[in-house]
>>> print(open('model_15.cif').read())   # mmCIF, C-alpha atoms
data_coords
#
loop_
_atom_site.label_atom_id
_atom_site.label_comp_id
_atom_site.auth_asym_id
_atom_site.auth_seq_id
_atom_site.Cartn_x
_atom_site.Cartn_y
_atom_site.Cartn_z
CA MET R 150 -175.65 -7.08 16.67
CA ALA R 151 -178.70 -7.14 14.47
CA GLY R 152 -181.31 -9.39 16.05
CA ALA R 153 -178.94 -12.24 16.79
CA LYS R 154 -179.44 -12.92 20.49
CA ASN R 155 -179.24 -16.69 20.24
CA ARG R 156 -175.97 -16.90 18.39
CA PRO R 157 -173.84 -19.83 19.50
CA LEU R 158 -171.21 -18.87 22.05
CA SER R 159 -167.68 -20.16 22.11
CA PRO R 160 -167.27 -22.77 24.88
CA HIS R 161 -165.85 -21.09 27.97
CA LEU R 162 -163.91 -22.03 31.12
CA THR R 163 -166.59 -24.30 32.54
CA ILE R 164 -166.55 -26.66 29.56
CA TRP R 165 -162.86 -27.22 28.88
CA LYS R 166 -160.80 -29.79 30.69
CA TRP R 167 -158.13 -27.99 32.70
CA GLY R 168 -154.59 -28.20 31.42
CA PRO R 169 -151.29 -26.42 32.04
CA HIS R 170 -151.73 -24.17 28.97
CA MET R 171 -155.03 -22.90 30.37
CA LEU R 172 -153.54 -22.32 33.81
CA VAL R 173 -150.53 -20.48 32.36
CA SER R 174 -152.76 -18.32 30.18
CA ILE R 175 -154.86 -17.29 33.18
CA LEU R 176 -151.73 -16.76 35.29
CA HIS R 177 -150.29 -14.50 32.59
CA ARG R 178 -153.24 -12.15 33.00
CA ALA R 179 -153.39 -12.47 36.77
CA THR R 180 -149.66 -11.85 37.29
CA GLY R 181 -149.69 -9.00 34.76
CA THR R 182 -152.57 -7.30 36.54
CA ALA R 183 -150.98 -7.85 39.96
CA MET R 184 -147.70 -6.31 38.81
CA ALA R 185 -149.42 -3.45 36.95
CA ILE R 186 -151.16 -2.33 40.13
CA GLY R 187 -149.04 -3.70 43.01
CA GLY R 188 -145.65 -3.47 41.34
CA GLY R 189 -146.40 -0.08 39.82
CA VAL R 190 -147.45 1.38 43.17
CA MET R 191 -144.46 -0.12 45.06
CA PHE R 192 -142.01 1.12 42.41
CA VAL R 193 -143.37 4.70 42.30
CA TRP R 194 -143.69 4.82 46.11
CA TRP R 195 -140.04 3.76 46.52
CA LEU R 196 -138.75 6.34 44.01
CA VAL R 197 -140.90 9.18 45.38
CA ALA R 198 -139.73 8.35 48.92
CA ALA R 199 -136.10 8.46 47.78
CA ALA R 200 -136.66 11.73 45.91
CA SER R 201 -138.41 13.31 48.92
CA GLY R 202 -135.31 13.19 51.10
CA LYS R 203 -133.67 11.27 53.89
CA ASP R 204 -136.60 11.39 56.35
CA ALA R 205 -139.22 10.31 53.84
CA TYR R 206 -137.01 7.43 52.71
CA ALA R 207 -136.37 6.43 56.33
CA ARG R 208 -140.16 6.27 56.93
CA TYR R 209 -140.56 4.06 53.84
CA VAL R 210 -137.77 1.73 54.96
CA ASP R 211 -139.21 1.63 58.50
CA LEU R 212 -142.60 0.60 57.11
CA MET R 213 -141.13 -2.18 54.97
CA THR R 214 -138.43 -3.64 57.19
CA ALA R 215 -138.69 -5.36 60.55
CA ASP R 216 -137.28 -3.80 63.73
CA GLN R 217 -134.22 -5.40 65.35
CA GLY R 218 -135.17 -8.51 67.29
CA HIS R 219 -138.68 -8.67 65.85
CA PHE R 220 -140.19 -11.21 63.50
CA SER R 221 -138.74 -10.75 60.04
CA LEU R 222 -138.51 -12.51 56.70
CA ALA R 223 -135.29 -11.59 54.86
CA GLY R 224 -135.31 -8.45 57.01
CA LEU R 225 -138.83 -7.49 55.93
CA ASN R 226 -142.12 -7.20 57.77
CA LEU R 227 -144.68 -9.91 56.99
CA VAL R 228 -146.96 -7.93 54.64
CA PRO R 229 -144.18 -6.31 52.54
CA PHE R 230 -142.52 -9.72 52.34
CA ILE R 231 -145.69 -11.37 51.02
CA VAL R 232 -146.25 -8.53 48.54
CA LEU R 233 -142.65 -8.50 47.27
CA PHE R 234 -142.39 -12.28 47.19
CA GLY R 235 -145.65 -12.44 45.23
CA LEU R 236 -144.48 -9.70 42.85
CA SER R 237 -141.15 -11.45 42.24
CA TRP R 238 -142.88 -14.74 41.40
CA SER R 239 -145.40 -12.80 39.26
CA PHE R 240 -142.54 -11.23 37.33
CA PHE R 241 -140.76 -14.55 36.69
CA GLN R 242 -144.01 -16.27 35.73
CA HIS R 243 -145.08 -13.41 33.43
CA MET R 244 -141.56 -13.31 31.94
CA SER R 245 -141.40 -17.08 31.28
CA SER R 246 -144.92 -17.08 29.88
CA GLY R 247 -144.07 -14.02 27.78
CA LEU R 248 -141.00 -15.77 26.34
CA ARG R 249 -143.27 -18.71 25.49
CA HIS R 250 -145.55 -16.28 23.68
CA PHE R 251 -142.59 -14.89 21.72
CA LEU R 252 -141.76 -18.43 20.57
CA MET R 253 -145.41 -19.08 19.71
CA ASP R 254 -145.49 -15.81 17.74
CA THR R 255 -143.05 -17.48 15.33
CA GLY R 256 -145.63 -20.21 14.74
CA ALA R 257 -143.80 -22.80 16.81
CA GLY R 258 -145.12 -24.85 19.70
CA PHE R 259 -148.73 -25.38 18.74
CA GLU R 260 -148.50 -29.21 18.73
CA LEU R 261 -150.47 -30.46 21.74
CA ALA R 262 -147.60 -32.14 23.57
CA THR R 263 -145.12 -29.30 22.93
CA ASN R 264 -147.65 -26.70 23.95
CA ARG R 265 -148.38 -28.51 27.21
CA ASN R 266 -144.69 -29.02 27.95
CA TRP R 267 -143.75 -25.38 27.35
CA ALA R 268 -146.61 -24.30 29.59
CA ARG R 269 -145.31 -26.61 32.34
CA MET R 270 -141.77 -25.32 31.81
CA THR R 271 -142.86 -21.72 32.51
CA LEU R 272 -144.21 -22.83 35.91
CA VAL R 273 -141.01 -24.71 36.77
CA ALA R 274 -138.85 -21.79 35.63
CA SER R 275 -140.79 -19.19 37.62
CA VAL R 276 -140.62 -21.23 40.83
CA LEU R 277 -136.87 -21.91 40.41
CA LEU R 278 -136.07 -18.26 39.60
CA THR R 279 -138.13 -17.02 42.55
CA VAL R 280 -136.34 -19.41 44.92
CA LEU R 281 -132.95 -18.37 43.50
CA PHE R 282 -133.83 -14.65 43.80
CA TRP R 283 -134.83 -14.94 47.46
CA ALA R 284 -131.97 -17.29 48.29
CA ILE R 285 -129.59 -14.52 47.18
CA ILE R 286 -131.43 -11.96 49.33
CA TRP R 287 -131.48 -14.36 52.28
CA SER R 288 -127.76 -15.06 51.94
CA LYS R 289 -127.06 -11.35 52.45
CA HIS R 290 -128.88 -11.26 55.81
CA MET Z 447 -169.89 -6.27 14.81
CA GLY Z 448 -169.74 -4.07 11.72
CA THR Z 449 -168.59 -5.94 8.67
CA GLY Z 450 -167.20 -2.89 6.98
CA THR Z 451 -170.50 -1.35 5.92
CA GLY Z 452 -170.73 2.43 5.90
CA ILE Z 453 -173.16 2.60 8.82
CA GLY Z 454 -171.03 0.14 10.78
CA ARG Z 455 -168.03 2.45 10.47
CA VAL Z 456 -170.12 5.47 11.46
CA ARG Z 457 -171.26 3.69 14.61
CA GLY Z 458 -167.69 2.84 15.53
CA LEU Z 459 -168.17 -0.90 15.10
CA GLY Z 460 -165.52 -3.10 13.63
CA SER Z 461 -161.82 -2.50 13.39
CA ALA Z 462 -160.30 0.72 14.64
CA ARG Z 463 -157.32 -0.12 12.39
CA HIS Z 464 -154.93 0.06 15.33
CA GLY Z 465 -154.62 -3.67 15.91
CA VAL Z 466 -151.16 -4.18 14.42
CA SER Z 467 -149.53 -1.22 16.16
CA HIS Z 468 -151.14 -2.33 19.44
CA TRP Z 469 -149.77 -5.86 18.96
CA LEU Z 470 -146.30 -4.62 17.95
CA LEU Z 471 -146.04 -2.14 20.82
CA GLN Z 472 -146.97 -4.87 23.28
CA ARG Z 473 -144.08 -6.99 21.95
CA LEU Z 474 -141.67 -4.07 21.73
CA THR Z 475 -142.32 -2.97 25.31
CA ALA Z 476 -142.15 -6.64 26.38
CA CYS Z 477 -138.59 -6.80 24.98
CA GLY Z 478 -137.77 -3.56 26.78
CA ASN Z 479 -139.22 -4.89 30.03
CA LEU Z 480 -137.33 -8.18 29.71
CA LEU Z 481 -133.96 -6.44 29.44
CA LEU Z 482 -134.60 -3.53 31.79
CA VAL Z 483 -136.40 -5.31 34.63
CA ILE Z 484 -133.76 -8.06 34.73
CA TRP Z 485 -131.08 -5.33 34.81
CA PHE Z 486 -133.02 -3.59 37.62
CA LEU Z 487 -133.42 -6.74 39.75
CA VAL Z 488 -129.80 -7.85 39.29
CA SER Z 489 -128.61 -4.32 40.15
CA LEU Z 490 -130.72 -4.25 43.33
CA LEU Z 491 -129.30 -7.62 44.35
CA ARG Z 492 -125.77 -6.34 43.73
CA LEU Z 493 -126.15 -3.14 45.75
CA PRO Z 494 -124.35 -3.46 49.11
CA ALA Z 495 -127.37 -1.97 50.94
CA LEU Z 496 -130.70 -0.31 50.17
CA ASP Z 497 -130.29 2.67 52.51
CA TYR Z 498 -130.86 6.28 51.45
CA ALA Z 499 -127.25 7.16 50.61
CA THR Z 500 -126.58 3.99 48.60
CA VAL Z 501 -129.87 4.10 46.69
CA THR Z 502 -129.75 7.81 45.77
CA ALA Z 503 -126.07 7.62 44.79
CA TRP Z 504 -126.91 4.63 42.59
CA ILE Z 505 -129.92 6.32 40.92
CA ALA Z 506 -127.95 9.54 40.38
CA SER Z 507 -125.43 7.83 38.10
CA PRO Z 508 -126.27 8.59 34.43
CA LEU Z 509 -125.98 4.94 33.45
CA VAL Z 510 -128.64 4.14 36.04
CA ALA Z 511 -130.94 7.16 35.81
CA VAL Z 512 -131.45 6.83 32.05
CA PRO Z 513 -132.18 3.05 31.98
CA LEU Z 514 -134.45 3.56 34.99
CA ILE Z 515 -136.42 6.22 33.09
CA LEU Z 516 -136.59 3.94 30.04
CA LEU Z 517 -137.75 1.09 32.29
CA THR Z 518 -140.52 3.32 33.65
CA ILE Z 519 -141.72 4.23 30.15
CA SER Z 520 -141.53 0.63 28.88
CA VAL Z 521 -143.27 -0.87 31.93
CA PHE Z 522 -146.05 1.72 32.18
CA TRP Z 523 -146.68 1.62 28.44
CA HIS Z 524 -146.82 -2.19 28.53
CA LEU Z 525 -149.23 -2.21 31.47
CA ARG Z 526 -151.39 0.42 29.78
CA ILE Z 527 -151.71 -1.83 26.71
CA GLY Z 528 -152.14 -5.03 28.71
CA LEU Z 529 -154.77 -3.75 31.11
CA GLN Z 530 -156.64 -2.18 28.19
CA VAL Z 531 -157.12 -5.66 26.73
CA PHE Z 532 -158.06 -6.99 30.17
CA ILE Z 533 -160.75 -4.29 30.59
CA GLU Z 534 -162.06 -4.71 27.03
CA ASP Z 535 -162.41 -8.47 27.54
CA TYR Z 536 -164.27 -8.37 30.85
CA VAL Z 537 -166.18 -5.07 31.00
CA HIS Z 538 -168.87 -5.06 28.34
CA GLU Z 539 -170.97 -2.13 29.47
CA ASP Z 540 -169.86 0.95 27.49
CA GLY Z 541 -169.98 3.52 30.30
CA GLY Z 542 -168.01 1.41 32.75
CA LYS Z 543 -165.54 0.37 30.08
CA ILE Z 544 -164.79 3.95 29.01
CA ALA Z 545 -164.52 5.12 32.62
CA LEU Z 546 -162.06 2.32 33.46
CA LEU Z 547 -159.98 3.00 30.33
CA VAL Z 548 -159.76 6.69 31.26
CA LEU Z 549 -158.79 5.74 34.82
CA LEU Z 550 -156.17 3.33 33.47
CA THR Z 551 -154.66 6.01 31.23
CA PHE Z 552 -154.51 8.46 34.15
CA TYR Z 553 -152.85 5.79 36.30
CA ALA Z 554 -150.30 4.85 33.63
CA ILE Z 555 -149.34 8.41 32.72
CA GLY Z 556 -149.56 9.70 36.29
CA GLY Z 557 -147.50 6.85 37.72
CA ALA Z 558 -144.85 7.12 35.02
CA ALA Z 559 -144.67 10.91 35.42
CA LEU Z 560 -144.20 10.63 39.19
CA ALA Z 561 -141.50 7.97 38.82
CA ILE Z 562 -139.63 9.90 36.11
CA PHE Z 563 -139.80 13.16 38.07
CA ALA Z 564 -138.46 11.36 41.15
CA ILE Z 565 -135.57 9.83 39.17
CA VAL Z 566 -134.67 13.16 37.56
CA ARG Z 567 -134.83 14.98 40.89
CA ILE Z 568 -132.48 12.46 42.50
CA ALA Z 569 -130.17 12.52 39.49
CA LEU Z 570 -129.96 16.32 39.30
CA SER Z 571 -129.86 17.16 43.00
CA GLY Z 572 -126.40 15.68 43.48
CA ALA Z 573 -125.83 12.18 44.73
CA ALA Z 574 -125.59 11.26 48.40
CA ALA Z 575 -125.74 14.81 49.70
#
>>> encode(input="model_15.cif", output="structure tokens")
Amino acid sequence: MAGAKNRPLSPHLTIWKWGPHMLVSILHRATGTAMAIGGGVMFVWWLVAAASGKDAYARYVDLMTADQGHFSLAGLNLVPFIVLFGLSWSFFQHMSSGLRHFLMDTGAGFELATNRNWARMTLVASVLLTVLFWAIIWSKH
Amino acid sequence: MGTGTGIGRVRGLGSARHGVSHWLLQRLTACGNLLLVIWFLVSLLRLPALDYATVTAWIASPLVAVPLILLTISVFWHLRIGLQVFIEDYVHEDGGKIALLVLLTFYAIGGAALAIFAIVRIALSGAAA
């Protein structure tokens, strides 16, 4: 950057008025990062436990699920429940937002009102899908 | 940034000429993730239980083991690409950026290798022994 320290910067977060598109964009990164680390670790941990034999898998299940008669959420301990609930919402939000990006890749949806509405729709869809997902799990307990 | 001058290219400024493949792979793995993760979640919901015998018998089936391996590749590849952009956008100091990108690559390849080995071991060791 040859001697250009005072080049104008693009306006950043602090200057824009918040809108759903901005929130959804930030959430796309946040949920992606959360799943990349949290989801990746949970997935590999689960598979390695299953591949390590009955005892190892039993220890994993014991860590995740609540004992009989103790506090439980859909059969899970509090921390695993929060993590898995958060990961499930992250997936549905990232998925909805990703589908919005696929549509925008075609050049559609850049009009202000449409853009705002699609951004809002990803939030509604992710909440509904998360509720549906956990309602099914709950119904089995 | 380099504007395509000779010295700019020598210093590694400007385009690495991998932008399009990066963009396409992100979309391709996103499609893979969309199909495979939905399949994975629906399958988990449909399993009668998540105990050792049920889960290992399920994974051992060829029509589960193979999609599960493909899911692992698609997801870890996608997260490798996605977190690369994340790191490049927020870490501007060269040393830290390179160290984090190396760490990310180790995590992505290591995590995927562990998951794939686990799936193959379950699949080949005979279901629900």
>>> closest_residue(input="model_15.cif", among="Z:Ile555, Z:Leu490, Z:Leu482, Z:Ile562", to="Trp504 of chain Z", atoms="only C-alpha atoms")
Z:Leu490
>>> closest_residue(input="model_15.cif", among="Z:Tyr536, Z:Phe486, Z:Tyr498, Z:Trp469", to="Ala207 of chain R", atoms="all atoms listed in the file")
Z:Tyr498
>>> interface_residues(input="model_15.cif", of="chain Z", to="chain R", cutoff="6 Å", atoms="all atoms listed in the file", output="PyMOL selection string")
chain Z and resi 525+561+564+568
>>> resolve_selection(input="model_15.cif", expression="the PyMOL selection byres ((chain Z and resi 517) around 9)", output="PyMOL selection string")
chain Z and resi 478-479+481-483+486+512-516+518-522
>>> atom_distance(input="model_15.cif", atom1="atom CA of Leu277 of chain R", atom2="atom CA of Gly224 of chain R")
21.4 Å
>>> residues_around(input="model_15.cif", residues="Asn264 of chain R", least_positions_apart="6", cutoff="10 Å", atoms="only C-alpha atoms", output="PDB file with C-alpha atoms, in the frame of the given file")
ATOM      1  CA  PRO R 169    -151.290 -26.420  32.040  1.00  0.00           C
ATOM      2  CA  HIS R 170    -151.730 -24.170  28.970  1.00  0.00           C
ATOM      3  CA  ARG R 249    -143.270 -18.710  25.490  1.00  0.00           C
ATOM      4  CA  MET R 253    -145.410 -19.080  19.710  1.00  0.00           C
ATOM      5  CA  ALA R 257    -143.800 -22.800  16.810  1.00  0.00           C
ATOM      6  CA  GLY R 258    -145.120 -24.850  19.700  1.00  0.00           C
ATOM      7  CA  MET R 270    -141.770 -25.320  31.810  1.00  0.00           C
TER       8      MET R 270
END
>>> atom_distance(input="model_15.cif", atom1="atom CA of Leu487 of chain Z", atom2="atom CA of Ser275 of chain R")
14.6 Å
>>> axis_aligned_box(input="model_15.cif", around="segment 283-289 of chain R", padding_each_side="3 Å", output="AutoDock Vina command-line options")
--center_x -130.9 --center_y -14.3 --center_z 49.8 --size_x 13.8 --size_y 11.9 --size_z 11.3
>>> atom_distance(input="model_15.cif", atom1="atom CA of Gly528 of chain Z", atom2="atom CA of Gly557 of chain Z")
15.6 Å
>>> closest_residue(input="model_15.cif", among="Z:Val501, Z:Ala554, Z:Ala559, Z:Val510", to="Gln530 of chain Z", atoms="all atoms listed in the file")
Z:Ala554
>>> closest_residue(input="model_15.cif", among="Z:Ile527, Z:Val537, Z:Val466, Z:Ile484", to="Leu278 of chain R", atoms="only C-alpha atoms")
Z:Ile484
>>> residues_around(input="model_15.cif", residues="Ile533 of chain Z", least_positions_apart="4", cutoff="10 Å", atoms="only C-alpha atoms", output="list in words")
Gly528, Leu529, Val537, His538, Gly542, Lys543, Ile544, Leu546, Leu547 and Leu550 of chain Z
>>> residues_around(input="model_15.cif", residues="segment 160-166 of chain R", least_positions_apart="6", cutoff="12 Å", atoms="all atoms listed in the file", output="PDB file with C-alpha atoms, in the coordinates of the input")
ATOM      1  CA  LEU R 172    -153.540 -22.320  33.810  1.00  0.00           C
ATOM      2  CA  SER R 174    -152.760 -18.320  30.180  1.00  0.00           C
ATOM      3  CA  ILE R 175    -154.860 -17.290  33.180  1.00  0.00           C
TER       4      ILE R 175
END
>>> closest_residue(input="model_15.cif", among="Z:Asp497, Z:Thr502, Z:Arg526, Z:Pro508", to="Val548 of chain Z", atoms="all atoms listed in the file")
Z:Arg526
>>> closest_residue(input="model_15.cif", among="R:Gly168, R:Val276, R:Val228, R:His243", to="Leu261 of chain R", atoms="all atoms listed in the file")
R:Gly168
>>> decode(input="model_15.cif", residues="segment 455-558 of chain Z", atoms="C-alpha atoms", output="short mmCIF file (atom, residue, chain, number, x, y, z; two decimals), in the first residue's frame")
data_model
loop_
_atom_site.label_atom_id
_atom_site.label_comp_id
_atom_site.auth_asym_id
_atom_site.auth_seq_id
_atom_site.Cartn_x
_atom_site.Cartn_y
_atom_site.Cartn_z
CA ARG Z 455 2.99 -10.42 -8.35
CA VAL Z 456 6.43 -11.20 -6.95
CA ARG Z 457 5.38 -9.89 -3.55
CA GLY Z 458 2.27 -12.04 -3.58
CA LEU Z 459 -0.11 -9.09 -3.74
CA GLY Z 460 -3.24 -9.14 -5.78
CA SER Z 461 -5.20 -12.10 -7.02
CA ALA Z 462 -4.01 -15.63 -6.34
CA ARG Z 463 -6.25 -16.66 -9.27
CA HIS Z 464 -8.14 -19.12 -7.08
CA GLY Z 465 -11.18 -16.95 -6.48
CA VAL Z 466 -13.60 -18.72 -8.81
CA SER Z 467 -12.75 -22.24 -7.68
CA HIS Z 468 -13.02 -21.09 -4.05
CA TRP Z 469 -16.45 -19.57 -4.75
CA LEU Z 470 -17.66 -22.62 -6.70
CA LEU Z 471 -16.45 -25.12 -4.09
CA GLN Z 472 -18.23 -23.17 -1.37
CA ARG Z 473 -21.49 -23.48 -3.35
CA LEU Z 474 -20.88 -27.10 -4.32
CA THR Z 475 -20.20 -28.17 -0.73
CA ALA Z 476 -23.18 -26.05 0.39
CA CYS Z 477 -25.42 -28.15 -1.90
CA GLY Z 478 -23.84 -31.31 -0.51
CA ASN Z 479 -24.38 -30.10 3.06
CA LEU Z 480 -28.00 -29.15 2.36
CA LEU Z 481 -28.89 -32.64 1.14
CA LEU Z 482 -26.68 -34.67 3.47
CA VAL Z 483 -27.25 -32.82 6.75
CA ILE Z 484 -31.03 -32.86 6.24
CA TRP Z 485 -30.79 -36.60 5.50
CA PHE Z 486 -28.67 -37.03 8.66
CA LEU Z 487 -31.05 -35.09 10.94
CA VAL Z 488 -34.18 -36.80 9.57
CA SER Z 489 -32.49 -40.20 9.95
CA LEU Z 490 -31.54 -39.47 13.57
CA LEU Z 491 -35.12 -38.42 14.30
CA ARG Z 492 -36.40 -41.64 12.71
CA LEU Z 493 -34.10 -43.98 14.65
CA PRO Z 494 -36.03 -45.77 17.41
CA ALA Z 495 -33.23 -45.04 19.92
CA LEU Z 496 -29.71 -43.65 20.01
CA ASP Z 497 -28.14 -46.46 22.05
CA TYR Z 498 -24.94 -48.26 21.05
CA ALA Z 499 -26.53 -51.22 19.25
CA THR Z 500 -28.99 -49.10 17.24
CA VAL Z 501 -26.46 -46.43 16.28
CA THR Z 502 -23.66 -48.82 15.23
CA ALA Z 503 -26.06 -51.07 13.31
CA TRP Z 504 -27.39 -47.97 11.53
CA ILE Z 505 -23.90 -46.62 10.66
CA ALA Z 506 -22.73 -50.06 9.49
CA SER Z 507 -25.30 -50.18 6.69
CA PRO Z 508 -23.62 -49.29 3.35
CA LEU Z 509 -26.35 -46.82 2.46
CA VAL Z 510 -25.59 -44.98 5.69
CA ALA Z 511 -21.82 -45.34 5.97
CA VAL Z 512 -21.15 -43.92 2.51
CA PRO Z 513 -23.44 -40.85 2.77
CA LEU Z 514 -22.04 -40.26 6.25
CA ILE Z 515 -18.49 -40.24 4.85
CA LEU Z 516 -19.59 -37.91 2.04
CA LEU Z 517 -21.28 -35.68 4.63
CA THR Z 518 -18.03 -35.52 6.60
CA ILE Z 519 -16.03 -34.52 3.51
CA SER Z 520 -18.61 -31.95 2.37
CA VAL Z 521 -19.05 -30.38 5.82
CA PHE Z 522 -15.34 -30.22 6.72
CA TRP Z 523 -14.43 -28.89 3.28
CA HIS Z 524 -17.16 -26.23 3.54
CA LEU Z 525 -16.05 -25.17 7.02
CA ARG Z 526 -12.43 -25.05 5.87
CA ILE Z 527 -13.40 -22.63 3.08
CA GLY Z 528 -15.79 -20.61 5.24
CA LEU Z 529 -13.49 -20.15 8.21
CA GLN Z 530 -10.65 -19.25 5.84
CA VAL Z 531 -12.68 -16.23 4.68
CA PHE Z 532 -13.57 -15.44 8.29
CA ILE Z 533 -9.88 -15.45 9.32
CA GLU Z 534 -8.77 -13.46 6.26
CA ASP Z 535 -11.40 -10.80 6.98
CA TYR Z 536 -10.61 -10.29 10.66
CA VAL Z 537 -6.94 -11.19 11.19
CA HIS Z 538 -4.76 -8.71 9.35
CA GLU Z 539 -1.39 -9.45 10.89
CA ASP Z 540 0.45 -11.88 8.58
CA GLY Z 541 1.99 -14.15 11.23
CA GLY Z 542 -1.24 -14.66 13.14
CA LYS Z 543 -3.21 -15.11 9.95
CA ILE Z 544 -0.90 -17.81 8.58
CA ALA Z 545 -0.77 -19.59 11.95
CA LEU Z 546 -4.58 -19.62 12.19
CA LEU Z 547 -4.96 -20.85 8.60
CA VAL Z 548 -2.53 -23.70 9.31
CA LEU Z 549 -4.41 -24.53 12.51
CA LEU Z 550 -7.71 -24.46 10.60
CA THR Z 551 -6.37 -26.83 7.94
CA PHE Z 552 -5.11 -29.23 10.62
CA TYR Z 553 -8.51 -29.08 12.35
CA ALA Z 554 -10.47 -29.65 9.13
CA ILE Z 555 -8.33 -32.53 7.86
CA GLY Z 556 -7.79 -34.04 11.32
CA GLY Z 557 -11.46 -33.88 12.25
CA ALA Z 558 -12.59 -35.33 8.94
#
